[in-house]
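Asks: For reference, the structure I am asking about is given below.
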Amino acid sequence: MAVLPQPRHWIAVPVIAALLIVAAGLALRFIPALTSADMSVDAELSHDHSAALTGVAMFINVVFSPAGGVLMIAALCLYLLLVRRSPVNAVATGVVAASGWVSSELFKVLVARHRPDSTALYNPLIPEPGTDSFPSGHVALASALAIAVFLLARGTRWQRPAAVLGILVAALVAFSRVYLGVHYPTDVTASFLTAATGAAFVTGLWNRFGLAVLTRVPLLAKLGPIPAPRG
């Protein structure tokens with residue numbers, strides 16, 4: 001992961017994508033008809049809860065929580081650093097995963113869309129009143145991890161399995177958030193885009209400054225080889 005794939009216009013493309021995401025979020029917030037359509041999906045799923053699906057959704061709620069996200073990213077990075085002895089892969093994976101995930105928090109603040117009204121659901125499972133609905137942090141985390149693991153596996157025999165598994169896990173997390181009634185369908189859809197936008201921007205930064213920064217950290221060099229920066 002010394003060099004990551006990136007958009008040709010790695011600043012302009014993410015900025016334009018971010019502006020479009022914010023515009024879409026504000027439209028969803030201020031146009032009642034759009035939220036009503038969203039809410040109908042949550043309300044319908046609220047009538048069809050099953051013990052098995054509820055158990056899976058509750059498990060996902062914990063695993064992909066903020067605490068769970070920190071633990072998963074840290075564990076993956078430590079494995080790459082201490083077991084695989086690859087400081088470049090460890091740092092690059094952590095940077096991509098964290099940026100794709102944390103970027104969702106910026107959109108939450110800018111859009112400030114309220115979560116689905118739990119009183120309108122037939123069987124609210126984990127009512128979470130207030131704002132912070134657009135996008136879903138859980139889904140952004142799953143998507144960001146999927147992107148980071150795919151980049152780590154690219155060019156190896158694990159590339160296709162990593163892509164398929166990442167898509168399936170992210171889709172399952174997205175469904176679970178709507179199933180639990182804590183996000184609208186458009187919230188989870190936007191999460192895929194926010195994670196990709198954050199990751200796309202940070203790949204450009206990494207390609208220009210990543211290796212140069214790592215070579216200035218003597219401790220990392222002792223744990224594994226760090227290629228010389230290009231140019």
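Just remember, in the structure tokens the first chain shown is A, the second B, etc., residues are 1-based per chain, and ligands are 1-based in the order shown.
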Counting only C-alpha atoms, which residues of stretch 93-126 of chain A sit at most 9 Å from some atom of stretch 131-148 of chain A, and what is each one's closest atom pair with its distance in Å to one decimal, listed by chain and rising residue number, as a Markdown table?
Replies:
| residue | atom | partner | partner_atom | distance |
| --- | --- | --- | --- | --- |
| A:Thr93 | CA | A:Ala148 | CA | 5.4 |
| A:Gly94 | CA | A:Ala148 | CA | 7.7 |
| A:Val95 | CA | A:Ala148 | CA | 8.6 |
| A:Val96 | CA | A:Ala148 | CA | 5.7 |
| A:Ala97 | CA | A:Ala144 | CA | 4.7 |
| A:Ala98 | CA | A:Ala144 | CA | 7.2 |
| A:Ser99 | CA | A:Ala144 | CA | 7.7 |
| A:Gly100 | CA | A:Ala144 | CA | 4.8 |
| A:Trp101 | CA | A:Leu141 | CA | 4.6 |
| A:Val102 | CA | A:Gly137 | CA | 8.0 |
| A:Ser103 | CA | A:Ala140 | CA | 8.3 |
| A:Ser104 | CA | A:Gly137 | CA | 6.0 |
| A:Glu105 | CA | A:Gly137 | CA | 7.2 |
| A:Phe107 | CA | A:Pro135 | CA | 6.9 |
| A:Lys108 | CA | A:Asp132 | CA | 5.2 |
| A:Val109 | CA | A:Asp132 | CA | 7.3 |
| A:Val111 | CA | A:Phe134 | CA | 6.8 |
| A:Ala112 | CA | A:Thr131 | CA | 5.5 |
| A:Arg113 | CA | A:Thr131 | CA | 5.3 |
| A:His114 | CA | A:Thr131 | CA | 3.9 |
| A:Arg115 | CA | A:Ser133 | CA | 4.8 |
| A:Pro116 | CA | A:Ser133 | CA | 7.9 |
Asks: Env of A:Leu180: 8 Å cut, atoms = only C-alpha atoms, seq-sep filter 2 positions within chain, self excluded. Answer as a list in words.
Replies: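 The residues satisfying every condition are Ser46, Thr54, Ala57, Pro124, Leu125, Ile126, Ser176, Arg177, Val178, Val182 and His183 of chain A.
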Asks: Per DSSP on the backbone, filter stretch 2-184 of chain A down to the residues in alpha helix (DSSP H) and report them as a ChimeraX atom specification.
Replies: /A:12-30,32-46,51-63,66-78,87-111,137-153,159-179
Asks: Pick the closest to A:Leu106 from A:Leu211, A:Ala163, A:Ala120, A:Val22: which is it, counting only C-alpha atoms?
Replies: A:Val22
Asks: Give me, as a VMD selection string, all polymer residues having an atom no more than 7 Å from A:Gly204, counting only C-alpha atoms and skipping those fewer than 4 positions away in the same chain.
Replies: chain A and resid 6 10 200 208
Asks: Between A:Trp158, A:Phe59, A:Phe209, A:Tyr122, which has the minimum distance to A:Gly181 (counting only C-alpha atoms)?
Replies: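 Comparing A:Trp158, A:Phe59, A:Phe209, A:Tyr122 against A:Gly181, the winner is A:Tyr122.
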Asks: Have a look at A:Gln159, A:Leu168, A:Tyr179, A:Tyr184 and name the one nearest to A:Ser36; count only C-alpha atoms.
Replies: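 The shortest atom-to-atom distance to A:Ser36 comes from A:Tyr184.
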Asks: For a test of reading the model, state the distance in Å between atom CA of A:Met1 and atom CA of A:Leu151, rounded to one decimal.
Replies: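 That distance, rounded to one decimal, is 7.2 Å.
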Asks: Which residue, A:Leu20, A:Val56, A:Ile226, A:Leu152, has the smallest gap to A:Cys77 when you use only C-alpha atoms?
Replies: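 Of A:Leu20, A:Val56, A:Ile226, A:Leu152, the one nearest A:Cys77 is A:Leu152, counting only C-alpha atoms.
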Asks: Can you measure atom CA of A:Asp42 to atom CA of A:Pro185 for me? One decimal in Å is fine.
Replies: 7.9 Å
Asks: What does the structure give for the distance between atom CA of A:Ala23 and atom CA of A:His9, in Å to one decimal?
Replies: 21.1 Å
Asks: Rank nothing, just name the residue among A:Leu219, A:Thr186, A:Leu76, A:Gly69 nearest to A:Thr35, using only C-alpha atoms.
Replies: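 Result for the nearest residue to A:Thr35: A:Thr186.
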Asks: Compare A:Ala2, A:Trp206, A:Pro218, A:Ala199 by their minimum atom-to-atom distance to A:Ser86, counting only C-alpha atoms, and give me the closest one.
Replies: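 Ranking A:Ala2, A:Trp206, A:Pro218, A:Ala199 by distance to A:Ser86, first place goes to A:Ala2.
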